[in-house]
Amino acid sequence: MSRYLLASAYALGGQGKEAQAVLGAAARAYPGVPKDRRQLVKELRFPAFAVAPLEADCLGLEMSRNLLSPQARLHSLCAMKALLTVSALALALSPMVAQAEPVTDSIARDLPGLMTIYRDLHANPELSYQELRSAAIMAKAAREAGFTVTEKVGQTGVVAVLKNGEGPTVLIRADMDGLPVVEQTGLAFASKKRGVSTAGVESGIMHACGHDTHMTAWIETARLMARRKAEWSGTLVMIGQPAEEVGTGAVGMLKDGLYTRFPKPDYTLAFHDSADLPAGQVGAAVGWALANVDSVDILVKGLGGHGAYPQATKDPIVLASSIVMKLQTLVSREMSPLDPAVVTVGSFHAGAKHNIISDQARLELTVRSYSDETRAHLLDGIKRIARGEAIASGLPDTLMPEVSVKDPYTRATWNSPEFTQEAVADLKTKMGDGNVVVTPSVMGGEDFGEFRRADEDHIKSVIFWVGGADPHKIAAAKAGGAPLPSLHSPFWAPQADKVIASGSEALTLTALRLMPKK
């Protein structure tokens, strides 16, 4: 038994001069035990509670006898009973006696149950703004953990709040929606669900972007933080966000009063699974993390006619082809090589028959950038090039191309640099240097950045990547083997146990660091 447990038993059991004599003997026998009873209780941070008089008397006498005569045995049943009672209280209440279980050990113990939740969520995905079942699962788990929960924020969003004294407010987000993809992973619990997307198209539904792992790790993080309230001080706001895949869910929750109806955060945290990092490895980009995502439509007009008499027409397919080629110079010849950007024509539709020149062609583009200034330059350049090529083709003003930029768009996500570096450095010390890395920015899109952009001067933010790919398959692909499936692929099946474990550990450890106990 530790000297602190013995000393706490003496302090609670002994009375007056007898207790002081016992403590004096304890201090001599066990170096480091304070001689003064009040100081001992203060150092051990024991609450003031009473031991039954009979137990106190017996314990004080018996322990005095044993300390003053080290060869004596504990032979009194009364003293033994009191010792067990006080020992149990000491173990439960003293932070010097019972250290908290490491976060990684707690997660390892919880993982079998978490995998059951994950498989259920994976088998039952829901499309954007249809996440009713997923939201209910998250809300129930948060309520059971002790959070105050509000549902249907921003249509199907969940907000769970746990107040725990004075301190900063930390927001932790998980996204909930699946994708209109027919799953082809071959998993025993693969999704067989079908639904109608926001585009009005019926298809299969799949968690092809790993949001099922995000939700499961969110549940574990909520449970861990609730169990460890003695270790932190502040307010924790955990949100289940709808409609990340269509880029409007975060804005929808903000418009529905996320920062007015609920505590406004000082810090926002999230993670996303990665198809590029080895399973379980945590990464974060410093600064720009994910890109602005714009969808642009170009309607190219012309004069139709017979394919045998092109001189009587203004061919929109030739004009549209010229526009496609000229668009490539926007990035290669107008942007700095140090300012990444992407302009991709993903769709080109025109014509209906071999020998008919159509009177229009339609182009669909995805445009990626980081800064607002770069975004504006690209969008203005697209309009300029489309009009310039039409003029060069001899089209009149009445037939100029129509360029439409879809709204809303997904704005770029920024990881607060100093904050991100501190988070990465801390996780390296706690999760292992090789398990945490700095990653490059990517051109994918995420609306998580909206939670920071709602108050850029006040809120610090980071979104982590958590690897989900088999490291052996990564090595084989780099050596020229089969390419790995990417996010949004019908074949994407992350090593979910490692994603969930590392994701919840990174979120929990970071939240605990940000909200030290007052």
# chains A, B, ... in the order shown; residues from 1 in each chain; ligands from 1

call {"tool": "residues_around", "arguments": {"residues": "A:Arg133", "least_positions_apart": "3", "cutoff": "10 Å", "atoms": "only C-alpha atoms", "output": "PDB file with N, CA and C atoms, in the first residue's frame"}}
result
ATOM      1  N   LEU A 121     -23.730   2.203 -38.612  1.00  0.00           N
ATOM      2  CA  LEU A 121     -23.769   3.447 -39.371  1.00  0.00           C
ATOM      3  C   LEU A 121     -23.361   3.223 -40.823  1.00  0.00           C
ATOM      4  N   ASN A 124     -26.137   1.764 -42.879  1.00  0.00           N
ATOM      5  CA  ASN A 124     -27.350   2.571 -42.967  1.00  0.00           C
ATOM      6  C   ASN A 124     -27.030   4.042 -43.245  1.00  0.00           C
ATOM      7  N   PRO A 125     -26.361   4.324 -44.350  1.00  0.00           N
ATOM      8  CA  PRO A 125     -26.019   5.720 -44.660  1.00  0.00           C
ATOM      9  C   PRO A 125     -27.243   6.502 -45.089  1.00  0.00           C
ATOM     10  N   GLU A 126     -27.146   7.823 -44.949  1.00  0.00           N
ATOM     11  CA  GLU A 126     -28.245   8.709 -45.337  1.00  0.00           C
ATOM     12  C   GLU A 126     -27.673   9.886 -46.125  1.00  0.00           C
ATOM     13  N   GLN A 130     -30.903  14.281 -44.969  1.00  0.00           N
ATOM     14  CA  GLN A 130     -31.786  13.159 -44.665  1.00  0.00           C
ATOM     15  C   GLN A 130     -31.235  12.345 -43.490  1.00  0.00           C
ATOM     16  N   ALA A 136     -30.024  10.796 -34.666  1.00  0.00           N
ATOM     17  CA  ALA A 136     -30.638  10.233 -33.452  1.00  0.00           C
ATOM     18  C   ALA A 136     -29.642   9.375 -32.679  1.00  0.00           C
ATOM     19  N   ILE A 137     -28.819   8.616 -33.398  1.00  0.00           N
ATOM     20  CA  ILE A 137     -27.804   7.781 -32.729  1.00  0.00           C
ATOM     21  C   ILE A 137     -26.794   8.657 -31.990  1.00  0.00           C
ATOM     22  N   MET A 138     -26.349   9.716 -32.631  1.00  0.00           N
ATOM     23  CA  MET A 138     -25.379  10.611 -32.003  1.00  0.00           C
ATOM     24  C   MET A 138     -26.002  11.349 -30.825  1.00  0.00           C
ATOM     25  N   ALA A 139     -27.223  11.818 -30.996  1.00  0.00           N
ATOM     26  CA  ALA A 139     -27.896  12.538 -29.912  1.00  0.00           C
ATOM     27  C   ALA A 139     -28.090  11.648 -28.695  1.00  0.00           C
ATOM     28  N   THR A 156     -31.093  18.944 -39.827  1.00  0.00           N
ATOM     29  CA  THR A 156     -30.902  17.648 -39.168  1.00  0.00           C
ATOM     30  C   THR A 156     -29.695  17.621 -38.238  1.00  0.00           C
ATOM     31  N   MET A 176     -22.161  13.937 -41.112  1.00  0.00           N
ATOM     32  CA  MET A 176     -23.015  12.752 -41.018  1.00  0.00           C
ATOM     33  C   MET A 176     -23.446  12.160 -42.349  1.00  0.00           C
TER      34      MET A 176
END

call {"tool": "closest_residue", "arguments": {"among": "A:Glu389, A:Glu101, A:Asp177, A:Glu422", "to": "A:Leu132", "atoms": "only C-alpha atoms"}}
result
A:Asp177

call {"tool": "closest_residue", "arguments": {"among": "A:His214, A:Lys152, A:Lys473, A:Lys383", "to": "A:Ser504", "atoms": "only C-alpha atoms"}}
result
A:His214

call {"tool": "select_by_dssp", "arguments": {"residues": "stretch 241-340 of chain A", "states": "alpha helix (DSSP H)", "output": "list in words"}}
result
Gly249, Ala250, Val251, Gly252, Met253, Leu254, Lys255, Pro316, Ile317, Val318, Leu319, Ala320, Ser321, Ser322, Ile323, Val324, Met325, Lys326, Leu327, Gln328, Thr329, Leu330, Val331, Ser332, Arg333 and Glu334 of chain A

call {"tool": "select_by_dssp", "arguments": {"residues": "stretch 226-450 of chain A", "states": "strand (DSSP E or B)", "output": "count of residues only"}}
result
74

call {"tool": "closest_atom_pairs", "arguments": {"of": "stretch 154-190 of chain A", "to": "stretch 458-462 of chain A", "cutoff": "12 Å", "atoms": "only C-alpha atoms", "output": "JSON lines"}}
result
{"residue": "A:Pro168", "atom": "CA", "partner": "A:Ile459", "partner_atom": "CA", "distance": 11.0}
{"residue": "A:Thr169", "atom": "CA", "partner": "A:Ile459", "partner_atom": "CA", "distance": 10.0}
{"residue": "A:Val170", "atom": "CA", "partner": "A:Ile459", "partner_atom": "CA", "distance": 9.7}
{"residue": "A:Leu171", "atom": "CA", "partner": "A:Ser461", "partner_atom": "CA", "distance": 9.4}
{"residue": "A:Ile172", "atom": "CA", "partner": "A:Ser461", "partner_atom": "CA", "distance": 10.1}
{"residue": "A:Arg173", "atom": "CA", "partner": "A:Val462", "partner_atom": "CA", "distance": 10.9}

call {"tool": "closest_residue", "arguments": {"among": "A:Asp120, A:Asp273, A:Glu231, A:Glu418", "to": "A:Gly165", "atoms": "only C-alpha atoms"}}
result
A:Glu231

call {"tool": "closest_residue", "arguments": {"among": "A:Ser295, A:Ser191, A:Gln421, A:Thr221", "to": "A:Arg368", "atoms": "only C-alpha atoms"}}
result
A:Ser295
